[in-house]
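Asks: My structure file upload_29.cif, mmCIF, C-alpha atoms, is below:
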```cif
data_target
loop_
_atom_site.group_PDB
_atom_site.id
_atom_site.type_symbol
_atom_site.label_atom_id
_atom_site.label_comp_id
_atom_site.auth_asym_id
_atom_site.auth_seq_id
_atom_site.Cartn_x
_atom_site.Cartn_y
_atom_site.Cartn_z
ATOM 1 C CA MET A 1 -10.028 11.061 6.401
ATOM 2 C CA THR A 2 -6.601 10.292 7.790
ATOM 3 C CA ILE A 3 -6.276 10.939 11.522
ATOM 4 C CA THR A 4 -3.748 13.749 11.732
ATOM 5 C CA GLU A 5 -2.444 16.399 14.103
ATOM 6 C CA PRO A 6 -1.304 19.931 13.128
ATOM 7 C CA ARG A 7 2.287 20.093 11.866
ATOM 8 C CA GLU A 8 4.587 22.926 10.897
ATOM 9 C CA ARG A 9 3.831 22.359 7.221
ATOM 10 C CA SER A 10 1.288 20.277 5.395
ATOM 11 C CA PHE A 11 1.951 18.686 2.026
ATOM 12 C CA GLY A 12 -0.477 17.851 -0.743
ATOM 13 C CA TYR A 13 -0.506 15.612 -3.756
ATOM 14 C CA ASP A 14 1.112 18.289 -5.917
ATOM 15 C CA ASP A 15 4.139 18.265 -3.600
ATOM 16 C CA LEU A 16 4.893 14.577 -4.178
ATOM 17 C CA PRO A 17 7.017 14.965 -7.351
ATOM 18 C CA ALA A 18 9.299 17.414 -5.530
ATOM 19 C CA LEU A 19 9.554 15.081 -2.559
ATOM 20 C CA MET A 20 10.390 12.148 -4.818
ATOM 21 C CA SER A 21 12.998 14.209 -6.659
ATOM 22 C CA ARG A 22 15.012 14.377 -3.428
ATOM 23 C CA MET A 23 15.718 10.649 -3.779
ATOM 24 C CA THR A 24 18.480 9.842 -6.244
ATOM 25 C CA GLY A 25 20.679 6.878 -7.152
ATOM 26 C CA ASP A 26 20.879 3.937 -9.511
ATOM 27 C CA GLU A 27 18.514 1.640 -7.588
ATOM 28 C CA LYS A 28 15.424 3.838 -7.553
ATOM 29 C CA HIS A 29 13.146 1.471 -9.486
ATOM 30 C CA GLY A 30 11.445 4.623 -10.739
ATOM 31 C CA PRO A 31 8.621 3.028 -12.783
ATOM 32 C CA ALA A 32 7.766 0.651 -9.931
ATOM 33 C CA ALA A 33 7.521 3.617 -7.600
ATOM 34 C CA THR A 34 5.587 6.040 -9.777
ATOM 35 C CA SER A 35 3.022 3.389 -10.703
ATOM 36 C CA THR A 36 1.992 3.211 -7.036
ATOM 37 C CA LEU A 37 1.957 6.928 -6.271
ATOM 38 C CA ASP A 38 -1.739 7.664 -6.776
ATOM 39 C CA VAL A 39 -2.883 4.534 -4.959
ATOM 40 C CA LEU A 40 -0.686 5.343 -1.982
ATOM 41 C CA TRP A 41 -1.807 8.961 -1.845
ATOM 42 C CA VAL A 42 -5.523 8.191 -1.907
ATOM 43 C CA LEU A 43 -5.098 5.522 0.758
ATOM 44 C CA TYR A 44 -3.093 7.678 3.144
ATOM 45 C CA ASP A 45 -4.978 10.887 2.461
ATOM 46 C CA ARG A 46 -8.556 9.629 2.497
ATOM 47 C CA VAL A 47 -8.916 6.019 3.560
ATOM 48 C CA LEU A 48 -6.443 4.674 6.123
ATOM 49 C CA ARG A 49 -7.169 5.361 9.783
ATOM 50 C CA VAL A 50 -3.575 5.823 10.847
ATOM 51 C CA SER A 51 -1.344 8.742 11.745
ATOM 52 C CA PRO A 52 2.179 9.368 13.056
ATOM 53 C CA GLU A 53 0.765 9.865 16.531
ATOM 54 C CA ARG A 54 -1.204 6.604 16.444
ATOM 55 C CA ARG A 55 1.170 4.284 14.627
ATOM 56 C CA ALA A 56 1.298 1.955 17.673
ATOM 57 C CA ASP A 57 -2.439 2.131 18.398
ATOM 58 C CA PRO A 58 -3.959 -1.388 18.304
ATOM 59 C CA GLY A 59 -7.045 0.124 16.658
ATOM 60 C CA ARG A 60 -5.150 1.571 13.690
ATOM 61 C CA ASP A 61 -5.545 0.332 10.153
ATOM 62 C CA ARG A 62 -2.573 -1.665 8.858
ATOM 63 C CA PHE A 63 -0.945 -0.988 5.495
ATOM 64 C CA LEU A 64 1.564 -3.550 4.205
ATOM 65 C CA LEU A 65 3.640 -2.649 1.172
ATOM 66 C CA SER A 66 4.365 -5.922 -0.594
ATOM 67 C CA LYS A 67 5.703 -4.095 -3.663
ATOM 68 C CA GLY A 68 8.647 -3.037 -1.536
ATOM 69 C CA HIS A 69 11.337 -3.045 -4.213
ATOM 70 C CA GLY A 70 10.197 0.391 -5.429
ATOM 71 C CA PRO A 71 9.585 2.338 -2.215
ATOM 72 C CA MET A 72 10.262 5.914 -3.378
ATOM 73 C CA ALA A 73 6.580 6.853 -3.656
ATOM 74 C CA TYR A 74 5.905 5.181 -0.313
ATOM 75 C CA TYR A 75 8.631 7.213 1.379
ATOM 76 C CA ALA A 76 7.396 10.425 -0.245
ATOM 77 C CA VAL A 77 3.851 9.824 1.015
ATOM 78 C CA LEU A 78 5.114 8.923 4.497
ATOM 79 C CA ALA A 79 7.090 12.170 4.549
ATOM 80 C CA ALA A 80 4.120 14.180 3.280
ATOM 81 C CA LYS A 81 1.968 12.748 6.056
ATOM 82 C CA GLY A 82 4.540 13.365 8.785
ATOM 83 C CA PHE A 83 5.666 9.823 9.536
ATOM 84 C CA VAL A 84 9.278 10.574 8.593
ATOM 85 C CA PRO A 85 11.206 13.861 8.284
ATOM 86 C CA VAL A 86 11.385 15.261 4.777
ATOM 87 C CA GLU A 87 15.140 15.654 5.294
ATOM 88 C CA TRP A 88 15.521 11.871 5.320
ATOM 89 C CA LEU A 89 14.536 11.645 1.657
ATOM 90 C CA SER A 90 17.809 13.123 0.403
ATOM 91 C CA GLY A 91 19.749 10.272 1.983
ATOM 92 C CA PHE A 92 17.677 7.540 0.301
ATOM 93 C CA GLY A 93 19.681 4.352 -0.124
ATOM 94 C CA SER A 94 22.863 5.661 1.465
ATOM 95 C CA TYR A 95 24.836 3.618 3.972
ATOM 96 C CA ASP A 96 23.593 5.411 7.087
ATOM 97 C CA SER A 97 20.061 6.220 5.924
ATOM 98 C CA PRO A 98 17.014 4.502 7.445
ATOM 99 C CA LEU A 99 15.378 4.707 4.006
ATOM 100 C CA GLY A 100 16.754 1.654 2.274
ATOM 101 C CA HIS A 101 15.964 0.230 -1.140
ATOM 102 C CA HIS A 102 13.495 -2.031 0.681
ATOM 103 C CA PRO A 103 11.504 -0.591 3.631
ATOM 104 C CA ASP A 104 12.591 -1.773 7.090
ATOM 105 C CA ARG A 105 9.925 -1.765 9.798
ATOM 106 C CA THR A 106 12.561 -1.393 12.511
ATOM 107 C CA LEU A 107 13.977 1.786 10.960
ATOM 108 C CA VAL A 108 11.084 3.635 9.303
ATOM 109 C CA PRO A 109 8.211 4.926 11.466
ATOM 110 C CA GLY A 110 4.847 3.784 10.169
ATOM 111 C CA VAL A 111 6.165 0.818 8.167
ATOM 112 C CA GLU A 112 4.404 -2.393 9.226
ATOM 113 C CA ILE A 113 6.625 -5.002 7.528
ATOM 114 C CA GLY A 114 10.077 -5.303 6.003
ATOM 115 C CA SER A 115 9.294 -5.998 2.363
ATOM 116 C CA GLY A 116 10.658 -6.345 -1.119
ATOM 117 C CA SER A 117 10.740 -10.101 -1.596
ATOM 118 C CA LEU A 118 7.863 -10.680 -3.993
ATOM 119 C CA GLY A 119 4.908 -12.692 -2.790
ATOM 120 C CA HIS A 120 5.212 -11.957 0.935
ATOM 121 C CA GLY A 121 2.811 -9.076 1.566
ATOM 122 C CA LEU A 122 -0.538 -10.719 0.879
ATOM 123 C CA PRO A 123 0.143 -13.867 2.929
ATOM 124 C CA ILE A 124 1.326 -11.673 5.820
ATOM 125 C CA ALA A 125 -1.816 -9.542 5.441
ATOM 126 C CA VAL A 126 -3.960 -12.685 5.700
ATOM 127 C CA GLY A 127 -2.156 -13.603 8.908
ATOM 128 C CA THR A 128 -2.579 -10.052 10.228
ATOM 129 C CA ALA A 129 -6.328 -10.114 9.563
ATOM 130 C CA LEU A 130 -6.607 -13.495 11.288
ATOM 131 C CA GLY A 131 -4.590 -12.205 14.246
ATOM 132 C CA LEU A 132 -6.816 -9.155 14.662
ATOM 133 C CA ARG A 133 -9.894 -11.368 14.495
ATOM 134 C CA ALA A 134 -8.451 -13.682 17.157
ATOM 135 C CA GLN A 135 -7.761 -10.680 19.405
ATOM 136 C CA GLY A 136 -11.348 -9.506 19.120
ATOM 137 C CA LEU A 137 -10.383 -6.362 17.179
ATOM 138 C CA PRO A 138 -12.951 -6.116 14.365
ATOM 139 C CA GLY A 139 -12.333 -2.438 13.594
ATOM 140 C CA PRO A 140 -8.886 -2.231 11.970
ATOM 141 C CA ALA A 141 -8.736 -2.736 8.234
ATOM 142 C CA VAL A 142 -5.741 -4.528 6.726
ATOM 143 C CA TRP A 143 -4.476 -3.274 3.359
ATOM 144 C CA THR A 144 -1.684 -4.620 1.203
ATOM 145 C CA LEU A 145 -0.346 -3.327 -2.108
ATOM 146 C CA THR A 146 1.066 -5.772 -4.639
ATOM 147 C CA GLY A 147 2.148 -5.615 -8.251
ATOM 148 C CA ASP A 148 0.623 -7.629 -11.067
ATOM 149 C CA ALA A 149 3.899 -9.504 -11.579
ATOM 150 C CA GLU A 150 3.834 -10.572 -7.935
ATOM 151 C CA LEU A 151 0.801 -12.684 -8.702
ATOM 152 C CA ASP A 152 3.151 -15.065 -10.492
ATOM 153 C CA GLU A 153 4.237 -16.130 -6.992
ATOM 154 C CA GLY A 154 2.448 -19.219 -5.681
ATOM 155 C CA SER A 155 2.314 -17.872 -2.130
ATOM 156 C CA ASN A 156 -0.133 -15.211 -3.290
ATOM 157 C CA HIS A 157 -2.477 -17.769 -4.827
ATOM 158 C CA GLU A 158 -2.546 -19.758 -1.613
ATOM 159 C CA ALA A 159 -3.427 -16.564 0.284
ATOM 160 C CA ILE A 160 -6.138 -15.653 -2.236
ATOM 161 C CA ALA A 161 -7.630 -19.139 -2.056
ATOM 162 C CA TYR A 162 -7.686 -19.090 1.760
ATOM 163 C CA ALA A 163 -8.959 -15.564 2.423
ATOM 164 C CA GLY A 164 -12.223 -15.827 0.498
ATOM 165 C CA PRO A 165 -13.664 -18.914 2.221
ATOM 166 C CA ALA A 166 -12.353 -17.583 5.557
ATOM 167 C CA GLY A 167 -14.550 -14.513 5.118
ATOM 168 C CA LEU A 168 -11.786 -12.022 5.937
ATOM 169 C CA GLU A 169 -13.856 -8.931 5.208
ATOM 170 C CA ARG A 170 -11.333 -6.582 6.873
ATOM 171 C CA LEU A 171 -8.691 -7.677 4.341
ATOM 172 C CA HIS A 172 -8.094 -5.457 1.308
ATOM 173 C CA THR A 173 -5.608 -5.847 -1.525
ATOM 174 C CA VAL A 174 -4.623 -3.362 -4.203
ATOM 175 C CA VAL A 175 -2.992 -4.849 -7.280
ATOM 176 C CA VAL A 176 -1.152 -2.232 -9.334
ATOM 177 C CA ASP A 177 -1.420 -3.548 -12.867
ATOM 178 C CA ASN A 178 1.208 -2.012 -15.148
ATOM 179 C CA SER A 179 1.263 -4.988 -17.525
ATOM 180 C CA SER A 180 4.479 -6.434 -16.146
ATOM 181 C CA ALA A 181 3.203 -9.921 -15.312
ATOM 182 C CA THR A 182 4.701 -12.879 -17.142
ATOM 183 C CA TYR A 183 1.472 -14.824 -17.469
ATOM 184 C CA ALA A 184 -1.960 -13.645 -18.573
ATOM 185 C CA ARG A 185 -5.029 -14.715 -16.592
ATOM 186 C CA PRO A 186 -8.311 -15.712 -18.226
ATOM 187 C CA GLY A 187 -10.821 -12.967 -17.477
ATOM 188 C CA GLY A 188 -8.161 -10.668 -16.056
ATOM 189 C CA ILE A 189 -6.728 -10.265 -12.569
ATOM 190 C CA ALA A 190 -10.044 -9.501 -10.871
ATOM 191 C CA ALA A 191 -11.531 -12.787 -12.098
ATOM 192 C CA ARG A 192 -8.853 -14.756 -10.243
ATOM 193 C CA PHE A 193 -9.891 -13.177 -6.956
ATOM 194 C CA GLU A 194 -13.622 -13.427 -7.669
ATOM 195 C CA ALA A 195 -13.260 -17.152 -8.307
ATOM 196 C CA ALA A 196 -11.965 -17.478 -4.739
ATOM 197 C CA GLY A 197 -14.873 -15.552 -3.231
ATOM 198 C CA TRP A 198 -13.444 -12.029 -3.147
ATOM 199 C CA SER A 199 -15.231 -8.786 -3.948
ATOM 200 C CA ALA A 200 -13.397 -7.081 -6.834
ATOM 201 C CA ARG A 201 -13.215 -3.739 -8.621
ATOM 202 C CA THR A 202 -11.015 -2.710 -11.568
ATOM 203 C CA VAL A 203 -10.317 1.005 -12.033
ATOM 204 C CA ASP A 204 -7.981 3.548 -13.576
ATOM 205 C CA GLY A 205 -5.062 3.683 -11.160
ATOM 206 C CA ARG A 206 -4.508 7.410 -11.763
ATOM 207 C CA ASP A 207 -8.130 8.463 -11.143
ATOM 208 C CA HIS A 208 -8.396 9.508 -7.501
ATOM 209 C CA ARG A 209 -12.188 9.546 -7.383
ATOM 210 C CA ALA A 210 -12.418 6.097 -8.971
ATOM 211 C CA LEU A 211 -9.790 4.766 -6.568
ATOM 212 C CA TYR A 212 -11.575 6.181 -3.540
ATOM 213 C CA ASP A 213 -14.929 4.783 -4.625
ATOM 214 C CA ALA A 214 -13.386 1.359 -5.208
ATOM 215 C CA PHE A 215 -11.485 1.417 -1.904
ATOM 216 C CA THR A 216 -14.619 2.252 0.070
ATOM 217 C CA ALA A 217 -17.070 -0.024 -1.770
ATOM 218 C CA PRO A 218 -19.049 -2.264 0.627
ATOM 219 C CA HIS A 219 -18.074 -5.944 0.625
ATOM 220 C CA PRO A 220 -19.784 -7.615 3.600
ATOM 221 C CA GLY A 221 -18.429 -11.024 4.474
ATOM 222 C CA ARG A 222 -15.747 -11.025 1.785
ATOM 223 C CA PRO A 223 -12.196 -9.724 1.331
ATOM 224 C CA HIS A 224 -11.868 -6.991 -1.278
ATOM 225 C CA VAL A 225 -9.426 -6.416 -4.130
ATOM 226 C CA VAL A 226 -8.969 -3.310 -6.238
ATOM 227 C CA VAL A 227 -7.070 -3.745 -9.494
ATOM 228 C CA ALA A 228 -5.534 -0.359 -10.341
ATOM 229 C CA ARG A 229 -4.499 -0.211 -13.996
ATOM 230 C CA VAL A 230 -1.665 2.197 -14.717
ATOM 231 C CA GLU A 231 0.869 3.005 -17.369
ATOM 232 C CA ALA A 232 4.312 3.509 -15.859
ATOM 233 C CA ARG A 233 5.639 7.040 -16.185
#
```
Starting from the file, lay out its structure as structure tokens.
Replies:
Amino acid sequence: MTITEPRERSFGYDDLPALMSRMTGDEKHGPAATSTLDVLWVLYDRVLRVSPERRADPGRDRFLLSKGHGPMAYYAVLAAKGFVPVEWLSGFGSYDSPLGHHPDRTLVPGVEIGSGSLGHGLPIAVGTALGLRAQGLPGPAVWTLTGDAELDEGSNHEAIAYAGPAGLERLHTVVVDNSSATYARPGGIAARFEAAGWSARTVDGRDHRALYDAFTAPHPGRPHVVVARVEAR
């Protein structure tokens, strides 16, 4: 479970649509956001060992949003979990709001990287996992969330090819597959990772139990990818 402290009000999954509805404007990237909502909720509610009080703890898990061009769901989950005030959501994308159209790690508590440029998150996650290993910190897990279209970027394939042979077992990737990629892959997305030595699961990206089981599946000695298939709402 997520490490949390008591707050004035707790929010659940059913509150997320109302939280997201506070964010308006022409640059919402609504489908990109809603396709990630269930993945983000299960991670923050049941998997990631991180909390607002421990966001600077060296022993925390790291979550890196590579799919940063649609951050509405991310902001809603961060607000629900107490990382940012709910009141910030209404200012989404405005000139003086910390909640920009791409997350900024210097402005938003709990955000690990500034993201939005496709193909950056997974390579940075590989570097983060290597850095933690070099520091003798075997406990923290490193998670990154990408979109299927991001896998068109060559930087991701270099990261995939490196991480498997390097045995980065604390590295985890979630690929939200909403059929937006330009190029098909023989055998599907999971096969690309498996060919590079990764453990892989493919599940319904709206099924919370299936997501949790896939996220927590053992994968000793190997990085792990979960392909979450969704239809954009």
Asks: So, with only C-alpha atoms as the atoms that count, which of A:Lys81, A:Arg55, A:Arg222, A:Lys67 lies closest to Tyr162 (chain A)?
Replies: A:Arg222
Asks: Which residue, A:Arg62, A:Arg54, A:His69, A:Arg170, has the smallest gap to Leu118 (chain A) when you use all atoms listed in the file?
Replies: A:His69
Asks: Looking at all atoms listed in the file, which of A:Leu132, A:Val226, A:Leu107, A:Leu37 is the one that sits closest to Phe193 (chain A)?
Replies: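 Once distances to Phe193 (chain A) are computed over all atoms listed in the file, the minimum belongs to A:Val226.
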Asks: Kindly indicate which residue among A:Ser155, A:Ser51, A:Thr202, A:Thr128 lies nearest to Leu78 (chain A), using all atoms listed in the file for the distances.
Replies: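 The answer is A:Ser51, which sits nearest to Leu78 (chain A).
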Asks: On this structure, the PyMOL selection byres ((chain A and resi 103) around 9) would catch which residues? List them as a short mmCIF file (atom, residue, chain, number, x, y, z; two decimals) with C-alpha atoms, in the coordinates of the input, sorted by chain and number.
Replies:
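And here is the file that came out, expr.cif:
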```
data_model
loop_
_atom_site.label_atom_id
_atom_site.label_comp_id
_atom_site.auth_asym_id
_atom_site.auth_seq_id
_atom_site.Cartn_x
_atom_site.Cartn_y
_atom_site.Cartn_z
CA LEU A 65 3.64 -2.65 1.17
CA GLY A 68 8.65 -3.04 -1.54
CA HIS A 69 11.34 -3.04 -4.21
CA PRO A 71 9.59 2.34 -2.22
CA TYR A 74 5.90 5.18 -0.31
CA TYR A 75 8.63 7.21 1.38
CA PRO A 98 17.01 4.50 7.44
CA LEU A 99 15.38 4.71 4.01
CA GLY A 100 16.75 1.65 2.27
CA HIS A 101 15.96 0.23 -1.14
CA HIS A 102 13.50 -2.03 0.68
CA ASP A 104 12.59 -1.77 7.09
CA ARG A 105 9.93 -1.76 9.80
CA THR A 106 12.56 -1.39 12.51
CA LEU A 107 13.98 1.79 10.96
CA VAL A 108 11.08 3.64 9.30
CA VAL A 111 6.16 0.82 8.17
CA ILE A 113 6.62 -5.00 7.53
CA GLY A 114 10.08 -5.30 6.00
CA SER A 115 9.29 -6.00 2.36
CA GLY A 116 10.66 -6.34 -1.12
#
```
Asks: When you look at Leu48 (chain A) with a cut-off of 10 Å (counting only C-alpha atoms), what residues show up, excluding the ones that are within fewer than 4 positions of it in the same chain? I need them as number ranges by chain.
Replies: A: 1-3, 40, 42-44, 60-63, 140-143
Asks: Starting from the PyMOL selection byres ((chain A and resi 166) around 12), expand the selection into actual residues of this file and give them as a list in words.
Replies: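 Selection result, ordered by chain and number: Val126, Gly127, Ala129, Leu130, Arg133, Ala159, Ile160, Ala161, Tyr162, Ala163, Gly164, Pro165, Gly167, Leu168, Glu169, Arg170, Leu171, Ala196, Gly197, Trp198, Gly221, Arg222 and Pro223 of chain A.
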Asks: Taking all atoms listed in the file into account, which of A:Ala125, A:Ala210, A:Val39, A:Val230 comes nearest Val174 (chain A)?
Replies: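 Smallest separation from Val174 (chain A) among the options: A:Val39.
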Asks: Take the PyMOL selection byres ((chain A and resi 212) around 10), run it mentally on this structure, and tell me the resulting residues as a list in words.
Replies: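 Output of the PyMOL selection byres ((chain A and resi 212) around 10): Val39, Val42, Leu43, Arg46, Val47, Asp207, His208, Arg209, Ala210, Leu211, Asp213, Ala214, Phe215, Thr216 and Ala217 of chain A.
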Asks: In Å, how far is it from CA of Leu19 (chain A) to CA of Asp177 (chain A)?
Replies: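 Answer for the CA of Leu19 (chain A) to CA of Asp177 (chain A) separation: 24.0 Å.
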Asks: For a quick check of understanding, using all atoms listed in the file, which of A:Glu112, A:Asp45, A:Glu231, A:Asp204 has the smallest distance to Gly82 (chain A)?
Replies: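 The shortest atom-to-atom distance to Gly82 (chain A) comes from A:Asp45.
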Asks: In Å, how far is it from CA of Ser199 (chain A) to CA of Asp148 (chain A)?
Replies: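 Taking CA of Ser199 (chain A) as the start and CA of Asp148 (chain A) as the end point, the length is 17.4 Å.
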